[in-house]
Amino acid sequence: MKPTQAFYNGTPIAPPSIHLTTEQKMDLLDWHPIFTGRCPNCERPIRETTPPRSHWDCAECGWREDLA
Ligand SMILES: [Zn+2]
C-alpha cells in the first residue's frame with residue numbers, strides 16, 4: 001500500500017484534484033464569467049450562448065479563459 005493512497009472500506013479513494021483546490025474553485029465563483037456574466041478583465045457583460053460555450057472569451061478586450 002502506498003502511503004499516499006487513501007482507502008475507505010478497502011476501496012481506494014480518488015485523490016483530490018491536483019488542478020484546483022477548493023479555495024480556487026470558490027474563487028471561480030467570484031470572477032468567472034460563467035458565474036458573474038462579466039468579463040473578469042474589463043467587466044463587460046459576456047452572455048451565455050446556446051448551446052453553452054465551452055470556452056469563454058471577451059470580444060471587447062480579447063480576454064480568453066484559457067489565458068487566464
Ligand atoms: Zn473583456
# chains A, B, ... in the order shown; residues from 1 in each chain; ligands from 1

$ closest_atom_pairs --of "chain A" --to "ligand 1" --cutoff "10 Å" --atoms "only C-alpha atoms and all ligand atoms" --output "JSON lines"
{"residue": "A:Arg38", "atom": "CA", "partner": "ligand 1", "partner_atom_place_in_ligand_line": "1 (Zn)", "distance": 7.8}
{"residue": "A:Cys39", "atom": "CA", "partner": "ligand 1", "partner_atom_place_in_ligand_line": "1 (Zn)", "distance": 4.6}
{"residue": "A:Pro40", "atom": "CA", "partner": "ligand 1", "partner_atom_place_in_ligand_line": "1 (Zn)", "distance": 6.6}
{"residue": "A:Asn41", "atom": "CA", "partner": "ligand 1", "partner_atom_place_in_ligand_line": "1 (Zn)", "distance": 4.9}
{"residue": "A:Cys42", "atom": "CA", "partner": "ligand 1", "partner_atom_place_in_ligand_line": "1 (Zn)", "distance": 4.1}
{"residue": "A:Glu43", "atom": "CA", "partner": "ligand 1", "partner_atom_place_in_ligand_line": "1 (Zn)", "distance": 5.9}
{"residue": "A:Arg44", "atom": "CA", "partner": "ligand 1", "partner_atom_place_in_ligand_line": "1 (Zn)", "distance": 5.7}
{"residue": "A:Pro45", "atom": "CA", "partner": "ligand 1", "partner_atom_place_in_ligand_line": "1 (Zn)", "distance": 8.2}
{"residue": "A:Ile46", "atom": "CA", "partner": "ligand 1", "partner_atom_place_in_ligand_line": "1 (Zn)", "distance": 8.2}
{"residue": "A:Asp57", "atom": "CA", "partner": "ligand 1", "partner_atom_place_in_ligand_line": "1 (Zn)", "distance": 7.6}
{"residue": "A:Cys58", "atom": "CA", "partner": "ligand 1", "partner_atom_place_in_ligand_line": "1 (Zn)", "distance": 4.5}
{"residue": "A:Ala59", "atom": "CA", "partner": "ligand 1", "partner_atom_place_in_ligand_line": "1 (Zn)", "distance": 6.6}
{"residue": "A:Glu60", "atom": "CA", "partner": "ligand 1", "partner_atom_place_in_ligand_line": "1 (Zn)", "distance": 4.9}
{"residue": "A:Cys61", "atom": "CA", "partner": "ligand 1", "partner_atom_place_in_ligand_line": "1 (Zn)", "distance": 4.1}
{"residue": "A:Gly62", "atom": "CA", "partner": "ligand 1", "partner_atom_place_in_ligand_line": "1 (Zn)", "distance": 6.0}
{"residue": "A:Trp63", "atom": "CA", "partner": "ligand 1", "partner_atom_place_in_ligand_line": "1 (Zn)", "distance": 5.3}
{"residue": "A:Arg64", "atom": "CA", "partner": "ligand 1", "partner_atom_place_in_ligand_line": "1 (Zn)", "distance": 8.4}

$ select_by_dssp --residues "chain A" --states "alpha helix (DSSP H)" --output "PyMOL selection string"
chain A and resi 22-31+33-36

$ select_by_dssp --residues "chain A" --states "strand (DSSP E)" --output "VMD selection string"
chain A and resid 6 to 8 11 to 13

$ residues_around --residues "region 47-53 of chain A" --least-positions-apart "6" --cutoff "9 Å" --atoms "only C-alpha atoms" --output "count of residues only"
4

$ decode --residues "region 15-55 of chain A" --atoms "C-alpha atoms" --output "PDB file, in the first residue's frame"
ATOM      1  CA  PRO A  15      -7.101  11.749  -4.701  1.00  0.00           C
ATOM      2  CA  PRO A  16      -8.410  15.287  -4.697  1.00  0.00           C
ATOM      3  CA  SER A  17      -7.973  17.218  -7.892  1.00  0.00           C
ATOM      4  CA  ILE A  18      -4.453  18.429  -8.340  1.00  0.00           C
ATOM      5  CA  HIS A  19      -5.696  21.180 -10.642  1.00  0.00           C
ATOM      6  CA  LEU A  20      -7.966  23.125  -8.358  1.00  0.00           C
ATOM      7  CA  THR A  21      -8.141  23.375  -4.624  1.00  0.00           C
ATOM      8  CA  THR A  22     -11.487  24.002  -3.011  1.00  0.00           C
ATOM      9  CA  GLU A  23     -10.375  27.546  -2.409  1.00  0.00           C
ATOM     10  CA  GLN A  24      -9.577  28.045  -6.080  1.00  0.00           C
ATOM     11  CA  LYS A  25     -12.960  26.640  -7.048  1.00  0.00           C
ATOM     12  CA  MET A  26     -14.593  29.115  -4.698  1.00  0.00           C
ATOM     13  CA  ASP A  27     -12.584  31.872  -6.330  1.00  0.00           C
ATOM     14  CA  LEU A  28     -14.091  30.926  -9.676  1.00  0.00           C
ATOM     15  CA  LEU A  29     -17.479  31.878  -8.305  1.00  0.00           C
ATOM     16  CA  ASP A  30     -16.186  35.388  -7.831  1.00  0.00           C
ATOM     17  CA  TRP A  31     -14.634  36.071 -11.187  1.00  0.00           C
ATOM     18  CA  HIS A  32     -15.535  33.506 -13.834  1.00  0.00           C
ATOM     19  CA  PRO A  33     -17.977  34.863 -16.424  1.00  0.00           C
ATOM     20  CA  ILE A  34     -19.982  31.655 -16.260  1.00  0.00           C
ATOM     21  CA  PHE A  35     -20.947  32.769 -12.759  1.00  0.00           C
ATOM     22  CA  THR A  36     -20.644  36.542 -12.952  1.00  0.00           C
ATOM     23  CA  GLY A  37     -21.791  37.102 -16.539  1.00  0.00           C
ATOM     24  CA  ARG A  38     -18.959  39.624 -16.886  1.00  0.00           C
ATOM     25  CA  CYS A  39     -15.503  39.711 -18.320  1.00  0.00           C
ATOM     26  CA  PRO A  40     -13.066  39.454 -15.391  1.00  0.00           C
ATOM     27  CA  ASN A  41     -10.693  41.793 -17.223  1.00  0.00           C
ATOM     28  CA  CYS A  42     -12.834  44.675 -18.480  1.00  0.00           C
ATOM     29  CA  GLU A  43     -16.127  43.758 -16.764  1.00  0.00           C
ATOM     30  CA  ARG A  44     -18.162  43.978 -19.921  1.00  0.00           C
ATOM     31  CA  PRO A  45     -21.084  41.552 -19.913  1.00  0.00           C
ATOM     32  CA  ILE A  46     -20.384  38.224 -21.557  1.00  0.00           C
ATOM     33  CA  ARG A  47     -23.558  36.453 -22.484  1.00  0.00           C
ATOM     34  CA  GLU A  48     -24.120  32.743 -22.242  1.00  0.00           C
ATOM     35  CA  THR A  49     -24.790  31.203 -25.626  1.00  0.00           C
ATOM     36  CA  THR A  50     -26.908  28.376 -26.908  1.00  0.00           C
ATOM     37  CA  PRO A  51     -25.511  25.784 -26.963  1.00  0.00           C
ATOM     38  CA  PRO A  52     -23.468  26.718 -23.883  1.00  0.00           C
ATOM     39  CA  ARG A  53     -19.946  27.901 -24.523  1.00  0.00           C
ATOM     40  CA  SER A  54     -17.077  25.561 -23.932  1.00  0.00           C
ATOM     41  CA  HIS A  55     -14.621  28.461 -23.994  1.00  0.00           C
TER      42      HIS A  55
END
